Amino acid sequence: MFSNPLARLRQVRFAAALLVSTANILFAGNAQADDYKLVAQTKIHISIIQWNPSKGEYQRWEALSGDFLVSNQGTIGLPVVGSLDVSGKTSTDVAAQISAALHDKIGLISAPDVSVEITQYPPIYVLGAVTTPGTYQFRPGLTVLQAVAVAGGRYRPPLEKAGQSDISLLGELNTIRTGKLRHVGRIARLQAELAGDKEIRFPAELTGNDDRDLVNEVMTMERTLFAARANEMARQVDKLAELRDMYTNELDIMAAKSKDSTQLIADTQSEVSKLTKLVEQGITTTSRWSDMNRVLGQMRAERAQGDIEAMRARQSLSESARQEFAIQDQHQTEVATQLRDAQSELAELKSREYTIRQLLQADSTVVLKEPPAGSSDLKFVIVRQGQQKSGELDASESTTLVPGDVLKVQVSAILPSDPNESMPSPASGISQ
């Protein structure tokens with residue numbers, strides 16, 4: 001038991017911070033692209049060190065360390081070693097290759113320690129129906145959907161050209177339809193959080209939709225968020241409850257000590273009174289009376305200090321209770337704000353949907369039809385360089401890209417089911 005509750009609180013906070021720091025380090029280590037195989041135009045940094053037993057320290061080989069670029073032939077040129085073929089190898093493989101080559105070339109007793117770090121990946125290229133086609137920096141785990149987002153999202157012509165771009169408006173309707181379902185799911189989850197419900201009650205507007213894949217995705221994501229936020233809230237409240245229990249126990253101990261101290265002071269006071277009479281009668285010496293009186297003063301000072309510590313503990317107990325209410329109030333405020341924003345965004349999507357439908361219905365050549373469940377008006381094609389030649393791959397939003405990929409984003413029009421109905425002429429730059 002800590003005599004000072006503030007010291008105990010600092011100890012708890014330090015342990016929590018240490019745990020979070022350790023988790024972040026482990027996560028960062030797992031997130032490194034150790035399995036990435038080097039390709040042309042990859043920039044790497046090589047660091048070479050060796051243990052010098054005579055000096056008792058590691059020495060860095062500055063002449064061989066530095067930044068290198070993988071050539072179009074998949075090689076790097078390293079001093080002393082010469083040209084090394086690193087294409088298709090991981091950074092770990094290359095480090096071992098360089099270490100072995102130096103060991104053999106120089107005739108060292110033990111191979112030096114070599115580390116290879118990827119400093120820059122070859123770029124990817126996004127073109128087609130995106131807002132900003134061009135070259136973009138690659139990062140491990142980059143998906144097609146993320147690449148489209150980096151390129152500004154799908155291309156949408158200005159509103160003043162809406163009459164000339166009916167196909168794009170049809171595609172935007174599909175995007176709005178998806179956005180509406182996601183907002184409906186989010187609103188249901190926020191309403192459940194605000195009401196303190198144990199589970200989410202999704203409306204028929206979501207559960208009755210024919211696009212079962214999207215519906216299941218939205219419901220699963222919202223349920224996961226709902227459970228995670230509830231667990232986080234419970235953890236914070238539990239920590240404060242533990243803190244209150246600690247302060248309560250400490251106050252109980254202080255109260256018992258104060259009771260014993262009060263009784264002991266009373267007994268000592270009685271003894272001092274008796275000694276005072278004996279001193280007055282000359283039966284005992286004043287030194288004994290002085291010693292007893294000094295002990296009495298120390299006891300009163302210790303009780304006063306205990307009263308101060310008890311007051312601080314009661315203040316800390318009250319503060320932990322206020323923190324719990326503050327956490328709950330802050331959570332309710334955040335949820336209410338997010339709910340308001342989600343409802344506003346949903347209203348904007350519905351307004352935009354209504355405007356687009358009016359624009360399309362004003363054109364007699366357009367007939368609005370719902371697309372098949374799960375369909376999309378975007379098509380993705382990846383042009384990827386192989387060992388001998390380039391090849392095209394059909395991709396989805398979740399397909400993972402690799403350095404050097406060329407992503408082509410194409411728009412497909414929603415064709416009418418009635419052959420007598422006609423689609424509008426394709427807008428400039430968009431092929432049917």
# chains A, B, ... in the order shown; residues from 1 in each chain; ligands from 1
>>> residues_around(residues="Asp35 of chain A", least_positions_apart="2", cutoff="10 Å", atoms="only C-alpha atoms", output="PyMOL selection string")
chain A and resi 32-33+37-38+89-93+140
>>> residues_around(residues="segment 254-269 of chain A", least_positions_apart="3", cutoff="7 Å", atoms="only C-alpha atoms", output="VMD selection string")
chain A and resid 250 to 251 272 to 273 296 299 303 306 310
>>> atom_distance(atom1="atom CA of Gln41 of chain A", atom2="atom CA of Gln146 of chain A")
22.2 Å
>>> atom_distance(atom1="atom CA of Arg322 of chain A", atom2="atom CA of Leu240 of chain A")
9.9 Å
>>> closest_residue(among="A:Lys239, A:Arg182, A:His103, A:Arg154", to="Lys379 of chain A", atoms="only C-alpha atoms")
A:Arg154
>>> atom_distance(atom1="atom CA of Asn216 of chain A", atom2="atom CA of Asn174 of chain A")
17.7 Å
>>> closest_residue(among="A:Arg189, A:Lys408, A:Arg201, A:Arg288", to="Thr276 of chain A", atoms="only C-alpha atoms")
A:Arg288
>>> residues_around(residues="Val126 of chain A", least_positions_apart="4", cutoff="10 Å", atoms="only C-alpha atoms", output="list in words")
Val130, Thr132, Pro133, Gly134, Thr135, Tyr136, Val144, Ala147, Val148, Val150, Ala151, Ile382, Asp405, Val406, Leu407, Lys408 and Val409 of chain A
>>> write_last_selection(atoms="N, CA and C atoms", output="PDB file, in the first residue's frame")
ATOM      1  N   VAL A 130     -10.112   8.987 -63.209  1.00  0.00           N
ATOM      2  CA  VAL A 130      -9.821   9.505 -61.875  1.00  0.00           C
ATOM      3  C   VAL A 130      -9.625  11.015 -61.984  1.00  0.00           C
ATOM      4  N   THR A 132      -7.223  12.994 -60.728  1.00  0.00           N
ATOM      5  CA  THR A 132      -5.854  13.446 -60.993  1.00  0.00           C
ATOM      6  C   THR A 132      -4.989  12.268 -61.416  1.00  0.00           C
ATOM      7  N   PRO A 133      -5.001  11.891 -62.689  1.00  0.00           N
ATOM      8  CA  PRO A 133      -4.119  10.814 -63.131  1.00  0.00           C
ATOM      9  C   PRO A 133      -2.658  11.218 -62.964  1.00  0.00           C
ATOM     10  N   GLY A 134      -1.801  10.228 -62.741  1.00  0.00           N
ATOM     11  CA  GLY A 134      -0.384  10.552 -62.625  1.00  0.00           C
ATOM     12  C   GLY A 134       0.402   9.481 -61.903  1.00  0.00           C
ATOM     13  N   THR A 135       1.597   9.856 -61.487  1.00  0.00           N
ATOM     14  CA  THR A 135       2.518   8.954 -60.797  1.00  0.00           C
ATOM     15  C   THR A 135       2.409   9.178 -59.297  1.00  0.00           C
ATOM     16  N   TYR A 136       2.336   8.083 -58.520  1.00  0.00           N
ATOM     17  CA  TYR A 136       2.157   8.200 -57.073  1.00  0.00           C
ATOM     18  C   TYR A 136       3.103   7.252 -56.347  1.00  0.00           C
ATOM     19  N   VAL A 144      -6.229  -1.177 -54.684  1.00  0.00           N
ATOM     20  CA  VAL A 144      -6.757  -0.427 -55.820  1.00  0.00           C
ATOM     21  C   VAL A 144      -7.619   0.732 -55.340  1.00  0.00           C
ATOM     22  N   ALA A 147      -5.512   3.526 -54.038  1.00  0.00           N
ATOM     23  CA  ALA A 147      -4.830   4.224 -55.115  1.00  0.00           C
ATOM     24  C   ALA A 147      -5.779   5.194 -55.825  1.00  0.00           C
ATOM     25  N   VAL A 148      -7.024   4.767 -56.016  1.00  0.00           N
ATOM     26  CA  VAL A 148      -8.020   5.655 -56.629  1.00  0.00           C
ATOM     27  C   VAL A 148      -8.259   6.867 -55.732  1.00  0.00           C
ATOM     28  N   VAL A 150      -6.098   8.175 -53.608  1.00  0.00           N
ATOM     29  CA  VAL A 150      -4.912   9.027 -53.689  1.00  0.00           C
ATOM     30  C   VAL A 150      -4.956   9.878 -54.956  1.00  0.00           C
ATOM     31  N   ALA A 151      -5.509   9.312 -56.026  1.00  0.00           N
ATOM     32  CA  ALA A 151      -5.600  10.034 -57.295  1.00  0.00           C
ATOM     33  C   ALA A 151      -6.818  10.947 -57.354  1.00  0.00           C
ATOM     34  N   ILE A 382      -5.101  -3.814 -64.132  1.00  0.00           N
ATOM     35  CA  ILE A 382      -3.712  -3.572 -63.731  1.00  0.00           C
ATOM     36  C   ILE A 382      -2.782  -4.064 -64.832  1.00  0.00           C
ATOM     37  N   ASP A 405       3.163  -0.995 -60.863  1.00  0.00           N
ATOM     38  CA  ASP A 405       1.874  -1.281 -61.491  1.00  0.00           C
ATOM     39  C   ASP A 405       1.309  -0.041 -62.168  1.00  0.00           C
ATOM     40  N   VAL A 406       0.632  -0.267 -63.281  1.00  0.00           N
ATOM     41  CA  VAL A 406      -0.145   0.776 -63.943  1.00  0.00           C
ATOM     42  C   VAL A 406      -1.620   0.421 -63.752  1.00  0.00           C
ATOM     43  N   LEU A 407      -2.351   1.266 -63.009  1.00  0.00           N
ATOM     44  CA  LEU A 407      -3.767   1.018 -62.737  1.00  0.00           C
ATOM     45  C   LEU A 407      -4.622   1.841 -63.689  1.00  0.00           C
ATOM     46  N   LYS A 408      -5.429   1.135 -64.476  1.00  0.00           N
ATOM     47  CA  LYS A 408      -6.348   1.806 -65.395  1.00  0.00           C
ATOM     48  C   LYS A 408      -7.759   1.728 -64.818  1.00  0.00           C
ATOM     49  N   VAL A 409      -8.398   2.899 -64.627  1.00  0.00           N
ATOM     50  CA  VAL A 409      -9.753   2.989 -64.079  1.00  0.00           C
ATOM     51  C   VAL A 409     -10.699   3.343 -65.217  1.00  0.00           C
TER      52      VAL A 409
END
